[in-house]
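Structure data (mmCIF, N, CA and C atoms) from coords05.cif:
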```cif
data_coords
loop_
_atom_site.label_atom_id
_atom_site.label_comp_id
_atom_site.auth_asym_id
_atom_site.auth_seq_id
_atom_site.Cartn_x
_atom_site.Cartn_y
_atom_site.Cartn_z
N MET O 1 44.63 -2.86 26.49
CA MET O 1 43.19 -2.97 26.64
C MET O 1 42.69 -4.06 25.71
N ALA O 2 41.79 -4.89 26.22
CA ALA O 2 41.29 -6.03 25.46
C ALA O 2 40.17 -5.58 24.52
N ILE O 3 40.07 -6.26 23.45
CA ILE O 3 39.02 -6.00 22.48
C ILE O 3 37.73 -6.65 23.01
N PRO O 4 36.57 -5.97 22.94
CA PRO O 4 35.33 -6.54 23.49
C PRO O 4 34.98 -7.89 22.89
N GLY O 5 35.25 -8.10 21.63
CA GLY O 5 34.96 -9.40 21.01
C GLY O 5 35.84 -10.49 21.58
N ALA O 6 37.11 -10.16 21.85
CA ALA O 6 38.03 -11.14 22.42
C ALA O 6 37.63 -11.48 23.85
N LEU O 7 37.17 -10.50 24.62
CA LEU O 7 36.72 -10.74 25.98
C LEU O 7 35.51 -11.67 26.01
N SER O 8 34.60 -11.45 25.09
CA SER O 8 33.42 -12.32 25.06
C SER O 8 33.81 -13.73 24.61
N MET O 9 34.82 -13.85 23.74
CA MET O 9 35.28 -15.18 23.32
C MET O 9 35.96 -15.92 24.48
N ILE O 10 36.73 -15.19 25.28
CA ILE O 10 37.38 -15.79 26.45
C ILE O 10 36.32 -16.25 27.44
N THR O 11 35.33 -15.40 27.68
CA THR O 11 34.25 -15.76 28.60
C THR O 11 33.48 -16.97 28.09
N LEU O 12 33.19 -16.98 26.80
CA LEU O 12 32.47 -18.09 26.21
C LEU O 12 33.30 -19.38 26.30
N SER O 13 34.59 -19.27 26.08
CA SER O 13 35.47 -20.43 26.17
C SER O 13 35.52 -20.97 27.60
N MET O 14 35.56 -20.08 28.58
CA MET O 14 35.57 -20.52 29.98
C MET O 14 34.27 -21.21 30.35
N ILE O 15 33.15 -20.67 29.90
CA ILE O 15 31.85 -21.26 30.19
C ILE O 15 31.73 -22.63 29.53
N ALA O 16 32.20 -22.73 28.28
CA ALA O 16 32.15 -24.01 27.58
C ALA O 16 33.03 -25.04 28.27
N GLY O 17 34.20 -24.64 28.72
CA GLY O 17 35.07 -25.56 29.45
C GLY O 17 34.45 -26.02 30.75
N PHE O 18 33.79 -25.09 31.45
CA PHE O 18 33.12 -25.45 32.70
C PHE O 18 31.99 -26.44 32.46
N THR O 19 31.20 -26.22 31.41
CA THR O 19 30.09 -27.13 31.14
C THR O 19 30.59 -28.50 30.70
N ARG O 20 31.70 -28.56 29.96
CA ARG O 20 32.27 -29.85 29.59
C ARG O 20 32.74 -30.59 30.84
N THR O 21 33.38 -29.89 31.75
CA THR O 21 33.86 -30.49 32.99
C THR O 21 32.68 -30.95 33.84
N THR O 22 31.64 -30.15 33.90
CA THR O 22 30.47 -30.51 34.69
C THR O 22 29.79 -31.73 34.11
N ARG O 23 29.66 -31.79 32.78
CA ARG O 23 29.06 -32.97 32.15
C ARG O 23 29.88 -34.21 32.42
N ALA O 24 31.18 -34.10 32.34
CA ALA O 24 32.04 -35.25 32.60
C ALA O 24 31.91 -35.69 34.06
N ALA O 25 31.86 -34.73 34.97
CA ALA O 25 31.71 -35.08 36.39
C ALA O 25 30.37 -35.74 36.65
N LEU O 26 29.31 -35.22 36.03
CA LEU O 26 27.99 -35.81 36.22
C LEU O 26 27.90 -37.20 35.60
N ALA O 27 28.64 -37.44 34.54
CA ALA O 27 28.64 -38.76 33.91
C ALA O 27 29.42 -39.76 34.74
N LEU O 28 30.48 -39.31 35.40
CA LEU O 28 31.33 -40.22 36.17
C LEU O 28 30.84 -40.43 37.60
N TYR O 29 29.97 -39.56 38.10
CA TYR O 29 29.53 -39.65 39.49
C TYR O 29 28.86 -40.98 39.82
N PRO O 30 27.89 -41.47 39.04
CA PRO O 30 27.27 -42.76 39.40
C PRO O 30 28.27 -43.92 39.38
N ILE O 31 29.22 -43.88 38.46
CA ILE O 31 30.21 -44.94 38.39
C ILE O 31 31.11 -44.91 39.63
N ALA O 32 31.57 -43.72 39.99
CA ALA O 32 32.42 -43.58 41.18
C ALA O 32 31.66 -43.96 42.44
N ARG O 33 30.39 -43.61 42.49
CA ARG O 33 29.58 -43.95 43.66
C ARG O 33 29.41 -45.46 43.77
N PHE O 34 29.20 -46.14 42.65
CA PHE O 34 29.06 -47.59 42.65
C PHE O 34 30.34 -48.26 43.14
N TYR O 35 31.47 -47.83 42.59
CA TYR O 35 32.74 -48.45 42.97
C TYR O 35 33.11 -48.15 44.42
N THR O 36 32.70 -47.00 44.92
CA THR O 36 32.94 -46.70 46.33
C THR O 36 32.15 -47.66 47.21
N GLY O 37 30.90 -47.92 46.85
CA GLY O 37 30.10 -48.88 47.61
C GLY O 37 30.68 -50.28 47.55
N VAL O 38 31.14 -50.69 46.38
CA VAL O 38 31.77 -52.01 46.24
C VAL O 38 33.04 -52.07 47.08
N PHE O 39 33.84 -51.01 47.04
CA PHE O 39 35.08 -50.98 47.81
C PHE O 39 34.81 -51.12 49.31
N PHE O 40 33.86 -50.36 49.83
CA PHE O 40 33.56 -50.45 51.26
C PHE O 40 32.94 -51.80 51.62
N GLY O 41 32.14 -52.37 50.73
CA GLY O 41 31.59 -53.70 50.98
C GLY O 41 32.67 -54.76 51.06
N VAL O 42 33.62 -54.70 50.14
CA VAL O 42 34.73 -55.66 50.17
C VAL O 42 35.60 -55.43 51.40
N ALA O 43 35.85 -54.17 51.75
CA ALA O 43 36.67 -53.87 52.92
C ALA O 43 36.02 -54.40 54.19
N VAL O 44 34.72 -54.21 54.34
CA VAL O 44 34.02 -54.72 55.52
C VAL O 44 34.07 -56.24 55.54
N THR O 45 33.91 -56.87 54.38
CA THR O 45 33.96 -58.32 54.32
C THR O 45 35.33 -58.85 54.72
N LEU O 46 36.38 -58.19 54.29
CA LEU O 46 37.72 -58.67 54.59
C LEU O 46 38.14 -58.41 56.03
N PHE O 47 37.76 -57.27 56.57
CA PHE O 47 38.25 -56.89 57.89
C PHE O 47 37.29 -57.20 59.03
N TYR O 48 36.09 -57.69 58.74
CA TYR O 48 35.12 -57.99 59.80
C TYR O 48 35.50 -59.30 60.46
N ARG O 49 35.61 -59.30 61.77
CA ARG O 49 36.04 -60.48 62.50
C ARG O 49 34.94 -61.07 63.39
N GLY O 50 33.71 -60.68 63.20
CA GLY O 50 32.62 -61.17 64.02
C GLY O 50 32.16 -62.55 63.56
N SER O 51 31.15 -63.04 64.24
CA SER O 51 30.62 -64.36 63.91
C SER O 51 29.59 -64.25 62.79
N ARG O 52 29.21 -65.39 62.29
CA ARG O 52 28.20 -65.43 61.22
C ARG O 52 26.85 -64.94 61.74
N GLN O 53 26.58 -65.19 63.02
CA GLN O 53 25.31 -64.74 63.61
C GLN O 53 25.20 -63.22 63.57
N ASP O 54 26.31 -62.53 63.79
CA ASP O 54 26.28 -61.07 63.72
C ASP O 54 25.94 -60.59 62.32
N VAL O 55 26.44 -61.28 61.30
CA VAL O 55 26.11 -60.93 59.92
C VAL O 55 24.62 -61.12 59.67
N TYR O 56 24.06 -62.22 60.20
CA TYR O 56 22.62 -62.45 60.04
C TYR O 56 21.81 -61.36 60.75
N ASN O 57 22.27 -60.92 61.90
CA ASN O 57 21.58 -59.84 62.61
C ASN O 57 21.60 -58.55 61.79
N ILE O 58 22.73 -58.27 61.15
CA ILE O 58 22.82 -57.08 60.30
C ILE O 58 21.87 -57.21 59.12
N LEU O 59 21.82 -58.40 58.53
CA LEU O 59 20.90 -58.60 57.40
C LEU O 59 19.44 -58.44 57.83
N TRP O 60 19.10 -58.93 59.01
CA TRP O 60 17.74 -58.74 59.52
C TRP O 60 17.44 -57.25 59.69
N ALA O 61 18.40 -56.51 60.22
CA ALA O 61 18.20 -55.07 60.40
C ALA O 61 18.00 -54.38 59.05
N VAL O 62 18.75 -54.80 58.04
CA VAL O 62 18.60 -54.21 56.71
C VAL O 62 17.22 -54.53 56.14
N VAL O 63 16.78 -55.78 56.30
CA VAL O 63 15.46 -56.18 55.80
C VAL O 63 14.36 -55.37 56.49
N PHE O 64 14.44 -55.27 57.81
CA PHE O 64 13.43 -54.49 58.54
C PHE O 64 13.49 -53.02 58.16
N GLY O 65 14.69 -52.49 57.97
CA GLY O 65 14.83 -51.08 57.60
C GLY O 65 14.20 -50.78 56.26
N PHE O 66 14.51 -51.59 55.24
CA PHE O 66 13.94 -51.35 53.92
C PHE O 66 12.44 -51.59 53.91
N ALA O 67 11.99 -52.61 54.62
CA ALA O 67 10.55 -52.86 54.68
C ALA O 67 9.84 -51.70 55.36
N THR O 68 10.43 -51.15 56.40
CA THR O 68 9.83 -50.01 57.09
C THR O 68 9.76 -48.80 56.16
N LEU O 69 10.83 -48.55 55.42
CA LEU O 69 10.81 -47.44 54.46
C LEU O 69 9.74 -47.65 53.39
N ASN O 70 9.61 -48.88 52.92
CA ASN O 70 8.57 -49.15 51.92
C ASN O 70 7.18 -48.94 52.48
N ILE O 71 6.96 -49.36 53.71
CA ILE O 71 5.64 -49.20 54.32
C ILE O 71 5.35 -47.72 54.57
N LEU O 72 6.36 -46.95 54.98
CA LEU O 72 6.15 -45.52 55.17
C LEU O 72 5.82 -44.82 53.86
N SER O 73 6.49 -45.22 52.79
CA SER O 73 6.16 -44.63 51.49
C SER O 73 4.78 -45.06 51.04
N LEU O 74 4.40 -46.30 51.38
CA LEU O 74 3.07 -46.78 51.07
C LEU O 74 2.01 -45.97 51.82
N ALA O 75 2.28 -45.69 53.09
CA ALA O 75 1.34 -44.89 53.88
C ALA O 75 1.24 -43.47 53.34
N ALA O 76 2.36 -42.93 52.88
CA ALA O 76 2.33 -41.57 52.32
C ALA O 76 1.55 -41.55 51.01
N ARG O 77 1.63 -42.61 50.24
CA ARG O 77 0.89 -42.65 48.97
C ARG O 77 -0.60 -42.82 49.21
N ARG O 78 -0.96 -43.37 50.33
CA ARG O 78 -2.38 -43.53 50.64
C ARG O 78 -3.07 -42.18 50.76
N LEU O 79 -2.31 -41.15 51.01
CA LEU O 79 -2.90 -39.82 51.17
C LEU O 79 -3.26 -39.19 49.83
N GLU O 80 -2.79 -39.78 48.72
CA GLU O 80 -3.15 -39.26 47.40
C GLU O 80 -4.59 -39.67 47.09
N PRO O 81 -5.44 -38.71 46.76
CA PRO O 81 -6.86 -39.04 46.58
C PRO O 81 -7.16 -39.88 45.33
N THR O 82 -6.34 -39.80 44.30
CA THR O 82 -6.65 -40.52 43.05
C THR O 82 -6.03 -41.90 42.99
N ARG O 83 -5.31 -42.29 44.00
CA ARG O 83 -4.59 -43.57 43.98
C ARG O 83 -5.50 -44.68 44.51
N ARG O 84 -5.59 -45.77 43.75
CA ARG O 84 -6.39 -46.93 44.15
C ARG O 84 -5.55 -48.18 44.04
N GLY O 85 -5.75 -49.12 44.95
CA GLY O 85 -5.08 -50.42 44.87
C GLY O 85 -3.60 -50.36 45.20
N LEU O 86 -2.98 -51.54 45.22
CA LEU O 86 -1.56 -51.67 45.52
C LEU O 86 -0.82 -52.14 44.28
N SER O 87 0.36 -51.59 44.08
CA SER O 87 1.20 -52.09 43.00
C SER O 87 1.88 -53.37 43.48
N PHE O 88 2.57 -54.04 42.57
CA PHE O 88 3.24 -55.29 42.92
C PHE O 88 4.34 -55.04 43.96
N GLY O 89 5.10 -53.98 43.81
CA GLY O 89 6.16 -53.66 44.77
C GLY O 89 5.61 -53.36 46.16
N GLU O 90 4.50 -52.64 46.21
CA GLU O 90 3.89 -52.34 47.50
C GLU O 90 3.35 -53.60 48.16
N LEU O 91 2.77 -54.47 47.37
CA LEU O 91 2.27 -55.73 47.90
C LEU O 91 3.42 -56.58 48.43
N MET O 92 4.54 -56.60 47.71
CA MET O 92 5.70 -57.34 48.17
C MET O 92 6.26 -56.74 49.46
N ALA O 93 6.24 -55.42 49.59
CA ALA O 93 6.72 -54.77 50.81
C ALA O 93 5.87 -55.16 52.00
N VAL O 94 4.57 -55.18 51.82
CA VAL O 94 3.67 -55.57 52.91
C VAL O 94 3.90 -57.03 53.27
N MET O 95 4.08 -57.89 52.28
CA MET O 95 4.30 -59.31 52.55
C MET O 95 5.63 -59.53 53.28
N VAL O 96 6.67 -58.78 52.92
CA VAL O 96 7.96 -58.91 53.60
C VAL O 96 7.83 -58.49 55.06
N VAL O 97 7.11 -57.42 55.33
CA VAL O 97 6.93 -56.98 56.70
C VAL O 97 6.14 -58.02 57.49
N LEU O 98 5.08 -58.54 56.92
CA LEU O 98 4.29 -59.55 57.64
C LEU O 98 5.10 -60.81 57.90
N LEU O 99 5.86 -61.25 56.92
CA LEU O 99 6.70 -62.43 57.11
C LEU O 99 7.79 -62.16 58.14
N SER O 100 8.38 -60.99 58.11
CA SER O 100 9.43 -60.65 59.08
C SER O 100 8.88 -60.60 60.50
N VAL O 101 7.71 -60.02 60.67
CA VAL O 101 7.10 -59.97 62.00
C VAL O 101 6.75 -61.37 62.48
N PHE O 102 6.24 -62.22 61.58
CA PHE O 102 5.94 -63.60 61.94
C PHE O 102 7.21 -64.34 62.37
N LEU O 103 8.29 -64.21 61.59
CA LEU O 103 9.55 -64.88 61.93
C LEU O 103 10.17 -64.33 63.21
N LEU O 104 10.03 -63.02 63.43
CA LEU O 104 10.52 -62.44 64.67
C LEU O 104 9.74 -62.97 65.87
N GLY O 105 8.43 -63.07 65.73
CA GLY O 105 7.62 -63.64 66.80
C GLY O 105 7.97 -65.09 67.08
N TRP O 106 8.19 -65.86 66.02
CA TRP O 106 8.59 -67.26 66.17
C TRP O 106 9.94 -67.35 66.91
N GLU O 107 10.87 -66.49 66.54
CA GLU O 107 12.18 -66.47 67.18
C GLU O 107 12.07 -66.09 68.65
N MET O 108 11.21 -65.12 68.96
CA MET O 108 11.04 -64.71 70.36
C MET O 108 10.40 -65.82 71.18
N LEU O 109 9.42 -66.52 70.60
CA LEU O 109 8.81 -67.63 71.33
C LEU O 109 9.79 -68.76 71.57
N THR O 110 10.70 -68.99 70.63
CA THR O 110 11.74 -69.99 70.82
C THR O 110 12.73 -69.53 71.88
N LEU O 111 13.07 -68.24 71.87
CA LEU O 111 14.01 -67.69 72.83
C LEU O 111 13.47 -67.81 74.26
N PHE O 112 12.16 -67.62 74.44
CA PHE O 112 11.54 -67.71 75.76
C PHE O 112 11.07 -69.13 76.08
N HIS O 113 11.53 -70.11 75.32
CA HIS O 113 11.27 -71.54 75.54
C HIS O 113 9.79 -71.89 75.50
N VAL O 114 9.03 -71.18 74.69
CA VAL O 114 7.65 -71.56 74.46
C VAL O 114 7.61 -72.65 73.40
N PHE O 115 8.46 -72.53 72.39
CA PHE O 115 8.61 -73.56 71.37
C PHE O 115 9.87 -74.35 71.67
N PRO O 116 9.98 -75.55 71.37
CA PRO O 116 8.94 -76.42 70.84
C PRO O 116 7.97 -76.82 71.96
N ILE O 117 6.72 -76.91 71.58
CA ILE O 117 5.67 -77.27 72.53
C ILE O 117 5.75 -78.77 72.77
N LYS O 118 5.88 -79.15 74.01
CA LYS O 118 5.96 -80.57 74.37
C LYS O 118 4.66 -80.98 75.01
N LEU O 119 4.03 -81.95 74.43
CA LEU O 119 2.77 -82.47 74.95
C LEU O 119 3.05 -83.63 75.91
N LYS O 120 2.41 -83.60 77.05
CA LYS O 120 2.58 -84.69 78.01
C LYS O 120 1.57 -85.78 77.66
N SER O 121 2.06 -87.01 77.70
CA SER O 121 1.14 -88.11 77.38
C SER O 121 0.84 -88.96 78.59
#
```

Encoded form (structure tokens):
Amino acid sequence: MAIPGALSMITLSMIAGFTRTTRAALALYPIARFYTGVFFGVAVTLFYRGSRQDVYNILWAVVFGFATLNILSLAARRLEPTRRGLSFGELMAVMVVLLSVFLLGWEMLTLFHVFPIKLKS
């Protein structure tokens, strides 16, 4: 039969070991997550066999995706009654969306042979 003091020491030792392990895991998680992202980025770069245009299309999708998320968060913040004005990041998000829509429109007009405009003399 175990002594009650020894049982509590064993329990305390197990809890302390668990918390040390948890702290170590929580400290290493962001580092492991970063290196995992770097690893997959390098792997995609090495094994991707598409054209450069496909990479640009992916980058456009990423830009539109992040800009859309920023605008949605901006719209959600508008619902806060005490919030006034735009921060610098929100202003940059709006400007990126406007520039992206302008460039997309320009690209579509070029695709449909509206641009370049040729004047008859």

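From atom CA of O:Ser100 back to atom N of O:Ser87, the distance works out to 19.7 Å.
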
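With atom N of O:Glu80 on one side and atom N of O:Gly65 on the other, the separation reads 23.5 Å.
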
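For the pair atom CA of O:Leu69 and atom CA of O:Val97, the separation is 10.5 Å.
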
Which residues are close to O:Leu86, i.e. within 12 Å by only C-alpha atoms, leaving aside same-chain residues fewer than 3 positions away? Reply as a ChimeraX atom specification.
/O:71,74-75,77-78,83,89-95

Looking at only C-alpha atoms, which of O:Gln53, O:Trp60, O:Ala43, O:Ser8 is the one that sits closest to O:Leu99?
O:Trp60

Run DSSP on the backbone and tell me which residues of chain O come out as helix (DSSP H, G or I); list them as an NGL selection string.
:O and (4-47 or 52-77 or 88-111)
